[in-house]
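*Asks:* Sharing a structure below in structure tokens format, with a few things to ask.
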Amino acid sequence: MKFKIVAVGKLKETYWKEAVAEYVKRTARFAEVEIIEVEECLSRGAQTAGEIERVKTVEGEAVLAKCEGYVVALDLNGTLVSSEQLSSLIAEQKQRNSTFTFVIGGSNGLSDAVKSRANARLSFGRITLPHQLFRVVLVEQLYRACCIEHNVAYHK
């Protein structure tokens, strides 16, 4: 099984990189983890609605080019899931899919094309998190989901 994380933007600070690396290392006993960063489309100054849609479209095309298998769009307006529900979803879908692609959008969110391509749109809560922090939360939740599925004590 493989978890692919396609994220818009790069992790810049060392502490984010170290946190992600720790959970990737822990998850490796259950699944391969690949992280792909696509370029964030930045614009200067205030953004009009049209400019925001253009940015989301450009980022979305880059994201879609990297998607494979069962695609999960992480979306503030997606279905709220618990750790146990995420684990169940992965366990159920891995019978048909060997690769899971989790998509983290940029600061403007996900394009409609990415949302349409997704097999599932999930939310880990109604709060807004910076995408760097959310990447840490995602890899931690993937590790936790694997522990739940394999009935392994979660290591803190």
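Convention: chains lettered A, B, ... in structure tokens order; per-chain residue numbering from 1; ligands numbered from 1 as shown.
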Counting only C-alpha atoms, which residues of range 102-137 of chain A fall within 9 Å of range 15-22 of chain A, and what is the closest atom pair for each with its distance in Å at one decimal, ordered by chain and rising number, as a tab-separated table?
*Replies:*
residue	atom	partner	partner_atom	distance
A:Gln132	CA	A:Trp16	CA	6.8
A:Leu133	CA	A:Trp16	CA	7.2
A:Arg135	CA	A:Val20	CA	7.2
A:Val136	CA	A:Val20	CA	5.2
A:Val137	CA	A:Val20	CA	8.6
*Asks:* Among range 24-108 of chain A, which residues does DSSP mark as alpha helix (DSSP H) when it is run on the backbone? Keep the chain and numbering as in the structure and answer as a count of residues only.
*Replies:* 31
*Asks:* Where does DSSP see strand (DSSP E or B) in range 7-154 of chain A, if you list the residues as a VMD selection string?
*Replies:* chain A and resid 7 to 8 32 to 38 70 to 80 99 to 104 106 109 120 to 123
*Asks:* Can you spit out the residues from that selection as a compact mmCIF listing (two decimals), in the first residue's frame, using N, CA and C atoms?
*Replies:*
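Final file, out-v4.txt:
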# COMPACT_ATOMS: atom_id res chain seq x y z
N ALA A 7 0.79 18.08 -2.23
CA ALA A 7 0.54 19.32 -1.51
C ALA A 7 0.99 20.52 -2.33
N VAL A 8 0.18 21.55 -2.30
CA VAL A 8 0.55 22.80 -2.96
C VAL A 8 1.47 23.55 -2.00
N GLU A 32 4.18 2.61 2.23
CA GLU A 32 5.12 3.57 1.65
C GLU A 32 4.44 4.94 1.66
N VAL A 33 5.20 5.97 1.92
CA VAL A 33 4.68 7.34 1.91
C VAL A 33 5.52 8.16 0.95
N GLU A 34 4.86 8.81 0.00
CA GLU A 34 5.54 9.70 -0.94
C GLU A 34 4.88 11.07 -0.84
N ILE A 35 5.72 12.09 -0.73
CA ILE A 35 5.21 13.45 -0.65
C ILE A 35 5.67 14.21 -1.89
N ILE A 36 4.69 14.77 -2.59
CA ILE A 36 4.96 15.53 -3.80
C ILE A 36 4.48 16.95 -3.58
N GLU A 37 5.38 17.89 -3.77
CA GLU A 37 5.03 19.30 -3.63
C GLU A 37 4.88 19.90 -5.02
N VAL A 38 3.74 20.54 -5.24
CA VAL A 38 3.55 21.26 -6.50
C VAL A 38 3.67 22.74 -6.21
N TYR A 70 -6.92 5.91 -5.38
CA TYR A 70 -8.05 6.48 -4.65
C TYR A 70 -7.66 7.87 -4.19
N VAL A 71 -8.37 8.88 -4.65
CA VAL A 71 -7.99 10.26 -4.39
C VAL A 71 -8.89 10.85 -3.30
N VAL A 72 -8.23 11.41 -2.29
CA VAL A 72 -8.93 12.05 -1.18
C VAL A 72 -8.55 13.52 -1.18
N ALA A 73 -9.54 14.38 -1.43
CA ALA A 73 -9.33 15.82 -1.36
C ALA A 73 -9.61 16.25 0.08
N LEU A 74 -8.63 16.90 0.68
CA LEU A 74 -8.80 17.38 2.05
C LEU A 74 -9.37 18.79 1.95
N ASP A 75 -10.62 18.90 2.38
CA ASP A 75 -11.43 20.08 2.10
C ASP A 75 -12.18 20.48 3.36
N LEU A 76 -12.06 21.74 3.74
CA LEU A 76 -12.74 22.25 4.91
C LEU A 76 -14.23 21.92 4.88
N ASN A 77 -14.82 21.89 3.68
CA ASN A 77 -16.26 21.60 3.54
C ASN A 77 -16.55 20.14 3.23
N GLY A 78 -15.54 19.27 3.36
CA GLY A 78 -15.74 17.85 3.12
C GLY A 78 -16.45 17.19 4.29
N THR A 79 -16.61 15.89 4.19
CA THR A 79 -17.24 15.10 5.25
C THR A 79 -16.31 15.02 6.45
N LEU A 80 -16.82 15.40 7.60
CA LEU A 80 -16.03 15.29 8.83
C LEU A 80 -15.78 13.82 9.15
N THR A 99 -2.90 2.42 -4.10
CA THR A 99 -2.38 3.76 -3.88
C THR A 99 -3.51 4.69 -3.46
N PHE A 100 -3.22 5.49 -2.45
CA PHE A 100 -4.13 6.52 -1.98
C PHE A 100 -3.43 7.86 -2.16
N THR A 101 -4.06 8.78 -2.84
CA THR A 101 -3.51 10.12 -3.01
C THR A 101 -4.33 11.08 -2.16
N PHE A 102 -3.66 11.75 -1.24
CA PHE A 102 -4.29 12.76 -0.39
C PHE A 102 -3.84 14.12 -0.90
N VAL A 103 -4.79 15.01 -1.14
CA VAL A 103 -4.49 16.31 -1.74
C VAL A 103 -4.72 17.43 -0.73
N ILE A 104 -3.66 18.23 -0.55
CA ILE A 104 -3.74 19.43 0.29
C ILE A 104 -3.61 20.63 -0.64
N GLY A 106 -3.68 24.79 -1.81
CA GLY A 106 -2.96 26.00 -1.41
C GLY A 106 -3.84 26.91 -0.57
N GLY A 109 -7.46 27.24 -1.58
CA GLY A 109 -8.30 26.04 -1.61
C GLY A 109 -8.07 25.22 -2.87
N ALA A 120 -13.21 10.93 -2.59
CA ALA A 120 -13.77 11.37 -1.30
C ALA A 120 -13.25 12.76 -1.00
N ARG A 121 -14.11 13.55 -0.35
CA ARG A 121 -13.71 14.86 0.15
C ARG A 121 -13.89 14.82 1.65
N LEU A 122 -12.76 14.91 2.36
CA LEU A 122 -12.79 14.75 3.81
C LEU A 122 -12.32 16.02 4.51
N SER A 123 -12.82 16.20 5.72
CA SER A 123 -12.40 17.30 6.58
C SER A 123 -12.00 16.74 7.93
*Asks:* Could you tell me how far CA of Gln85 in chain A lies from CA of Lys4 in chain A, in Å and to one decimal?
*Replies:*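 Atom-to-atom, CA of Gln85 in chain A to CA of Lys4 in chain A, that is 19.0 Å.
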*Asks:* Please determine, counting only C-alpha atoms, which residue among A:Glu92, A:Glu13, A:Glu149, A:Glu40 has the shortest atom-to-atom distance to Thr57 in chain A.
*Replies:* A:Glu40
*Asks:* Which residue is closest to Arg126 in chain A? Choose from A:Ala145, A:Ala49, A:Val81, A:Ile90 and count only C-alpha atoms.
*Replies:*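 So, comparing all the options, the nearest one is A:Val81.
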*Asks:* Could you pull the residues within 12 Å of Leu42 in chain A, counting only C-alpha atoms, minus those fewer than 6 positions along the same chain, as a ChimeraX atom specification?
*Replies:* /A:8-9,51-52,54-56,58-59,106-108
*Asks:* I'd like to know which of A:Cys41, A:Ala62, A:Ile127, A:Met1 is closest to Ala28 in chain A, using only C-alpha atoms.
*Replies:*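 Residue with the minimum atom-to-atom distance to Ala28 in chain A: A:Met1.
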*Asks:* Between A:Leu11, A:Lys115, A:Ile5, A:Ala153, which one has atoms that come closest to Pro130 in chain A, using only C-alpha atoms?
*Replies:*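 Of A:Leu11, A:Lys115, A:Ile5, A:Ala153, the one nearest Pro130 in chain A, counting only C-alpha atoms, is A:Leu11.
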*Asks:* What is the CA of Cys146 in chain A to CA of Lys25 in chain A distance in Å?
*Replies:*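 Here the two named atoms are 12.7 Å from each other.
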